[in-house]
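One structure below.
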Amino acid sequence: MQVAKVIVDVPTSQTNHTFDYLIPEQWENIVQKGMRVSVPFGPRKIMGFVLEVSDHSEFDKLKALDEVMDLTPVLTEELVQIGKWISEETVSFYIQTFQAMLPQILKAKYKKEIEVLTDVELAEELKQLFAGRVVMDFEEFVERNGNYSLLLKEVKNGHVQINYIVKSKETNKTKVFIAPNKEPYLLEEALEDISNRAKKQKRIIEHFLHHETPIEQKQLLTQLSTTTATINQLVEKKLLKKVEKKVYRDPFQDTDFERSNSLPLSNQQQTAIKPIWQAIEEKQDEVFLLHGVTGSGKTEVYLQAIERVLDKGMEAIVLVPEIALTPQMVQRFKSRFGSQVAVLHSALSAGEKFDEWTKIHKKEVNVVVGARSAIFAPFENIGIIIIDEEHETSYKQDEQPRYHAREVAKKRGNYHHCPVVLGSATPMLESYARAKKGVYHLLEMPDRMNEGEMPPVEIVDMRDELYAGNRSMFSRNLLEAIKTRIEKKEQIVLFLNRRGYSTFVMCRECGDVMKCPACDIALTYHKSSHQLKCHYCDYQIAMVKECQACNSKTIRYFGTGTQKVEEALREHIPEAKVIRMDVDTTRRKGSHKKLLEKFGNKEANILLGTQMIAKGLDFENVTLVGVLAVDAMLHLPDFRSSEKTFQLLTQVSGRAGRHKLPGEVIIQTYTPEHYSIQLASQYHYQQFFQQEMQTRRGFRYPPYYFLTLINVSHPNQLKAQEVTKTICKLLFKHLSDQATILGPTPSPIVRINNRYRYQCMVKYKDEPNQKAIIRKIQEHYYDDIHRNDLTIQVDFEPYSLM
DNA sequence: AGCACGCCGACT
DNA sequence: GTCGGCGTGCTC
């Protein structure tokens, strides 16, 4: 007897353990760990993952599993192990983690249908509904207001049966290929026989006399400008045949990649890469922190480290922040490693993602470049894992399981005995501190390639501008600099962290600010659509003409968003062509790429955008970078705001003067004396690190202490607050007295989507019981969570306190 | 999650 | 006495 231990597709604490199923004889020795199966669960059927195959069970009333959904396991043994570990570390359910490790398309789809067994005695009402059919979708039954209790009765009577169907959404795209069906000499003979009037048919046969390889039907049609009708005739004559081939959707099929070879390494690159090579050779699971300024050539180090890995017949995973997975970046890997690379990122369709994943699964590639979830690439012989822009927040998933790709990378490196390389110009404080302590191997690349200097940064005090009577959003210096670049036909990148037109609108008469009815936040005015939008929920209304509170018509716009900047630019510099890039202009698939291409082709002078333009862009003609206002970011209620500001300013500055032309950076601010602005302007990472570490120590923040953030939300404010209070009390009671427990505190935004939000924060050094306590707390609130709309989110090492 | 089971009030 | 409402607990 063989028994499968299965994690079922029900994400609750009550079902967060394996269930045993008998493996039917025909599947013995076929069912393996890591496969998806369909199993009966109560009265229905659901999907599950096999975690183990055993020869016995403690349970005596075993049901047999219903179906095997995979031919080969979708999760390797290593991934099953890591999945368990992640679930425990993040206090998530096993099923959530396993789902997160796979492409969405492998998630099961459920269907319910009603089957008529005997229509002789069936109740008249149901007979009418079925109208002679044998099966009906349950959904249709509900839609047409079917009588449910009658249905149940008929099920009991055995007249009708409910079938539960588990399906996988995966599809394979096929293309039709045309191939010769006879030997060439036979084709030649046949050519003679074809009527002289059938010119097209003759030309097609001639084609195959020269090319024996199958050709895609679509291609053949355009090449010989003919139609399927003609081809079909030849197929009927058995001269040609149609072949269906499974193909992968290739998201890069329209792109040509020029092959590139390794570039000679500079001295500092060589110094950096040697220990990495050594770790590869000696199979050491060492973690490297590659601290290299922008433009120091980190990517080339990655590429050559990967080359070494591939030479040894091993595989490589490269993680890149979502936002930096630009065509430029992908291009570099594709052109070096060609078709050995799979690319995984969110811009791909679900089908494309599945195809890329399949290439990895079938070992048809040996390099993966991708965003966070690419860390789960099902490779089995990994030689190196690289995480570029290590400090990026997108490496942490912001929903369950809240895993950090860096931690998973270390775990996988450990399993495969391979190095993990973390690269950044501005490493996260935690990482740099670890490197200084010797936990990570620190590699420094302080110089730009080709003796390039970092562009000089000018800080403009916007208060002085105000004194001087300049009320516009551009300082005189910035405006002047922009105009000069445009005259010189050089390009400009302008950065502002806010989208929309104005950040809030207020009545001048009574001071009433337009707020979202569902959230505790001011509405943003979007001029293009003439709407007020909430950036936290999907609320939007047409712009109001008069104040809702006092009916006055004196409504004014405050705060500046990208739309307003765009408008101001048009006013001040009418000749400038501006491309605006923010969530609003890049929502459509491919528009991101299109806008960047346009800018690269110099179809615009100015690229204006939010966060998304801060990273990875490399345009040789950009010589000026302007940061319109950093203050909003600096004053966020977040202990990382200084660090984030420093990182952002450094990243943005790196966009200027990357090539022959010298660059310049202008930062506008109301707090020019702030150390993260001052030190970023001088590119003093070390000094920033020292200073920030002092602050963190003073406030007992990471890296000196670990953080746990518990977010509670409920439609009722009192309930949310009370639950949080109880949680704080429980933590206080069960954690050691070394831990600091803060709360209950209202979240920075108390209400989003009509839910009140409270939080509790734990600062600690070492609390081995913490996770068990939190599990207990979650189980304690099981009913409230399930039937009372309560949510409790736990975030270990949070990136955001919002 | 999704469903059965069982206890209770309101009705034929 | 029976129907259907919802609260409770289980699913190998």
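In the structure tokens, chains take letters A, B, ... by order of appearance, with residues numbered from 1 within each chain and ligands from 1 in the order shown.
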Can you pull out every residue within 12 Å of Arg570 in chain A, counting only C-alpha atoms (C1' of nucleotides), but drop anything in the same chain fewer than 6 positions away, and send it as a compact mmCIF listing (two decimals) with all heavy atoms, in the first residue's frame?
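The resulting file, part_12.txt, is shown below:
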# COMPACT_ATOMS: atom_id res chain seq x y z
N GLN A 563 1.41 65.33 -13.11
CA GLN A 563 0.59 65.98 -14.14
C GLN A 563 0.75 67.49 -14.11
O GLN A 563 0.83 68.15 -15.14
CB GLN A 563 -0.89 65.63 -13.94
CG GLN A 563 -1.23 64.22 -14.32
CD GLN A 563 -2.73 63.94 -14.15
OE1 GLN A 563 -3.52 64.85 -13.96
NE2 GLN A 563 -3.09 62.67 -14.21
N LYS A 564 0.83 68.04 -12.88
CA LYS A 564 0.96 69.48 -12.73
C LYS A 564 2.33 69.93 -13.24
O LYS A 564 2.46 70.99 -13.86
CB LYS A 564 0.79 69.86 -11.26
CG LYS A 564 0.54 71.33 -11.02
CD LYS A 564 0.19 71.49 -9.55
CE LYS A 564 -0.23 72.89 -9.20
NZ LYS A 564 -0.68 72.94 -7.80
N ALA A 576 9.77 72.41 -25.17
CA ALA A 576 10.24 71.11 -24.67
C ALA A 576 9.20 70.02 -24.90
O ALA A 576 8.02 70.21 -24.68
CB ALA A 576 10.53 71.22 -23.18
N LYS A 577 9.69 68.87 -25.37
CA LYS A 577 8.80 67.71 -25.48
C LYS A 577 9.00 66.85 -24.24
O LYS A 577 10.12 66.49 -23.89
CB LYS A 577 9.14 66.90 -26.73
CG LYS A 577 8.74 67.61 -28.00
CD LYS A 577 8.58 66.60 -29.14
CE LYS A 577 8.46 67.30 -30.48
NZ LYS A 577 9.79 67.70 -31.02
N VAL A 578 7.88 66.53 -23.57
CA VAL A 578 7.95 65.84 -22.29
C VAL A 578 7.28 64.47 -22.38
O VAL A 578 6.20 64.34 -22.94
CB VAL A 578 7.24 66.66 -21.19
CG1 VAL A 578 7.37 65.97 -19.84
CG2 VAL A 578 7.81 68.07 -21.13
N ILE A 579 7.94 63.47 -21.83
CA ILE A 579 7.30 62.17 -21.65
C ILE A 579 7.05 61.98 -20.17
O ILE A 579 7.99 62.08 -19.37
CB ILE A 579 8.19 61.02 -22.17
CG1 ILE A 579 8.29 61.09 -23.69
CG2 ILE A 579 7.62 59.67 -21.74
CD1 ILE A 579 9.20 60.04 -24.28
N ASN A 605 12.64 65.71 -24.96
CA ASN A 605 13.76 66.32 -24.25
C ASN A 605 13.78 65.89 -22.79
O ASN A 605 14.83 65.72 -22.20
CB ASN A 605 13.65 67.85 -24.29
CG ASN A 605 13.41 68.38 -25.68
OD1 ASN A 605 12.28 68.62 -26.07
ND2 ASN A 605 14.48 68.51 -26.44
N ILE A 606 12.56 65.74 -22.25
CA ILE A 606 12.47 65.53 -20.81
C ILE A 606 11.69 64.26 -20.50
O ILE A 606 10.63 64.02 -21.07
CB ILE A 606 11.77 66.73 -20.14
CG1 ILE A 606 12.53 68.02 -20.42
CG2 ILE A 606 11.63 66.50 -18.63
CD1 ILE A 606 11.85 69.28 -19.91
Any idea what's packed within 12 Å of range 9-12 of chain C, counting only C-alpha atoms (C1' of nucleotides), ignoring anything in its chain fewer than 4 positions away? Could you give it as a PyMOL selection string? (chain A and resi 3-10+14-22+39-46+57-65+783) or (chain B and resi 1-6)
Tell me which protein, DNA and RNA residues are within 6 Å of range 641-658 of chain A, counting only C-alpha atoms (C1' of nucleotides), leaving out same-chain ones fewer than 2 positions away, and put them as a count of residues only. 15
Can you list every residue in range 597-779 of chain A that DSSP puts in alpha helix (DSSP H), as a PyMOL selection string? chain A and resi 597-600+631-634+641-653+675-681+685-698+717-734+770-779
Show me, as a list in words, the residues that have an atom within 10 Å of Leu220 in chain A when counting only C-alpha atoms (C1' of nucleotides), minus same-chain residues fewer than 3 positions from it.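 Using only C-alpha atoms (C1' of nucleotides), the neighbours found are Phe177, Ile178, Ile204, His207, Pro214, Ile215, Glu216, Gln217, Gln223, Leu224, Ser225, Thr226, Thr227, Thr228 and Ile231 of chain A.
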Can you write just those residues out, C-alpha atoms, as a PDB file, in the first residue's frame?
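Saved the output as selection.pdb:
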ATOM      1  CA  PHE A 177       3.752  23.683 -39.412  1.00  0.00           C
ATOM      2  CA  ILE A 178       3.781  22.435 -42.987  1.00  0.00           C
ATOM      3  CA  ILE A 204       4.689  25.753 -52.845  1.00  0.00           C
ATOM      4  CA  HIS A 207       9.677  25.726 -52.010  1.00  0.00           C
ATOM      5  CA  PRO A 214       8.984  22.152 -41.755  1.00  0.00           C
ATOM      6  CA  ILE A 215       7.907  25.724 -41.965  1.00  0.00           C
ATOM      7  CA  GLU A 216       5.251  27.544 -39.984  1.00  0.00           C
ATOM      8  CA  GLN A 217       2.079  27.788 -41.999  1.00  0.00           C
ATOM      9  CA  GLN A 223       6.255  34.231 -48.102  1.00  0.00           C
ATOM     10  CA  LEU A 224       4.446  32.838 -51.108  1.00  0.00           C
ATOM     11  CA  SER A 225       1.411  35.097 -50.715  1.00  0.00           C
ATOM     12  CA  THR A 226      -1.048  32.286 -50.845  1.00  0.00           C
ATOM     13  CA  THR A 227      -3.907  30.955 -48.720  1.00  0.00           C
ATOM     14  CA  THR A 228      -4.650  27.917 -46.601  1.00  0.00           C
ATOM     15  CA  ILE A 231      -2.044  24.317 -48.993  1.00  0.00           C
TER      16      ILE A 231
END
Can you work out the spacing between CA of Gly313 in chain A and CA of His416 in chain A in Å, to one decimal? 13.7 Å
What gap, in Å, lies between CA of Gln668 in chain A and CA of Glu566 in chain A?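 Going from CA of Gln668 in chain A over to CA of Glu566 in chain A, I get 16.9 Å.
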Just the residues within 9 Å of Gly743 in chain A, please, counting only C-alpha atoms (C1' of nucleotides), with nothing from its chain fewer than 2 positions along; format it as an MDAnalysis selection string. chainID A and resid 724:725 728 741 745:746 758:762
Output the selection as a PDB file, in the first residue's frame - N, CA and C atoms for each residue.
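Final output, result25.pdb:
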ATOM      1  N   THR A 724      -6.175  44.618  18.943  1.00  0.00           N
ATOM      2  CA  THR A 724      -4.756  44.976  18.976  1.00  0.00           C
ATOM      3  C   THR A 724      -4.262  45.068  20.415  1.00  0.00           C
ATOM      4  N   LYS A 725      -5.102  45.631  21.263  1.00  0.00           N
ATOM      5  CA  LYS A 725      -4.730  45.783  22.669  1.00  0.00           C
ATOM      6  C   LYS A 725      -4.501  44.414  23.309  1.00  0.00           C
ATOM      7  N   CYS A 728      -1.284  42.892  22.103  1.00  0.00           N
ATOM      8  CA  CYS A 728      -0.146  43.504  22.791  1.00  0.00           C
ATOM      9  C   CYS A 728       0.019  42.898  24.176  1.00  0.00           C
ATOM     10  N   ILE A 741       7.399  46.046  23.444  1.00  0.00           N
ATOM     11  CA  ILE A 741       6.137  45.918  22.712  1.00  0.00           C
ATOM     12  C   ILE A 741       5.455  47.278  22.666  1.00  0.00           C
ATOM     13  N   THR A 745      -1.286  51.083  18.470  1.00  0.00           N
ATOM     14  CA  THR A 745      -1.138  52.394  17.840  1.00  0.00           C
ATOM     15  C   THR A 745      -1.989  52.406  16.577  1.00  0.00           C
ATOM     16  N   PRO A 746      -2.676  53.516  16.303  1.00  0.00           N
ATOM     17  CA  PRO A 746      -3.365  53.590  15.013  1.00  0.00           C
ATOM     18  C   PRO A 746      -2.333  53.617  13.881  1.00  0.00           C
ATOM     19  N   TYR A 758      -5.087  49.176  13.105  1.00  0.00           N
ATOM     20  CA  TYR A 758      -4.261  49.416  14.290  1.00  0.00           C
ATOM     21  C   TYR A 758      -3.053  48.505  14.231  1.00  0.00           C
ATOM     22  N   GLN A 759      -1.993  48.907  14.911  1.00  0.00           N
ATOM     23  CA  GLN A 759      -0.826  48.030  14.874  1.00  0.00           C
ATOM     24  C   GLN A 759      -0.122  47.891  16.212  1.00  0.00           C
ATOM     25  N   CYS A 760       0.667  46.828  16.229  1.00  0.00           N
ATOM     26  CA  CYS A 760       1.478  46.537  17.400  1.00  0.00           C
ATOM     27  C   CYS A 760       2.873  46.215  16.883  1.00  0.00           C
ATOM     28  N   MET A 761       3.877  46.792  17.511  1.00  0.00           N
ATOM     29  CA  MET A 761       5.233  46.558  17.028  1.00  0.00           C
ATOM     30  C   MET A 761       6.079  45.924  18.120  1.00  0.00           C
ATOM     31  N   VAL A 762       6.862  44.934  17.741  1.00  0.00           N
ATOM     32  CA  VAL A 762       7.758  44.292  18.699  1.00  0.00           C
ATOM     33  C   VAL A 762       9.198  44.554  18.265  1.00  0.00           C
TER      34      VAL A 762
END
Would you kindly return, as a tab-separated table (two decimals) with N, CA and C atoms (P, O5', C5', C4', C3', O3' and C1' of nucleotides), in the first residue's frame, each protein, DNA or RNA residue with an atom no farther than 12 Å from any atom of DT2 in chain C, considering only C-alpha atoms (C1' of nucleotides) and excluding same-chain residues fewer than 3 positions away?
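Below you can see result.tsv, which holds the result:
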chain	number	residue	atom	x	y	z
B	10	DA	P	-40.30	33.36	16.58
B	10	DA	O5'	-40.93	32.72	15.26
B	10	DA	C5'	-40.53	33.20	13.97
B	10	DA	C4'	-41.28	32.42	12.90
B	10	DA	C3'	-42.81	32.54	12.99
B	10	DA	O3'	-43.37	32.80	11.72
B	10	DA	C1'	-42.14	30.26	13.01
B	11	DC	P	-44.90	33.26	11.60
B	11	DC	O5'	-45.55	32.05	10.78
B	11	DC	C5'	-45.11	31.77	9.44
B	11	DC	C4'	-45.27	30.29	9.16
B	11	DC	C3'	-46.71	29.79	9.16
B	11	DC	O3'	-47.28	29.94	7.86
B	11	DC	C1'	-45.23	28.23	10.24
B	12	DT	P	-48.87	29.77	7.67
B	12	DT	O5'	-48.98	28.25	7.28
B	12	DT	C5'	-48.45	27.77	6.02
B	12	DT	C4'	-48.35	26.27	6.05
B	12	DT	C3'	-49.67	25.54	5.73
B	12	DT	O3'	-49.45	24.57	4.72
B	12	DT	C1'	-48.74	24.74	7.78
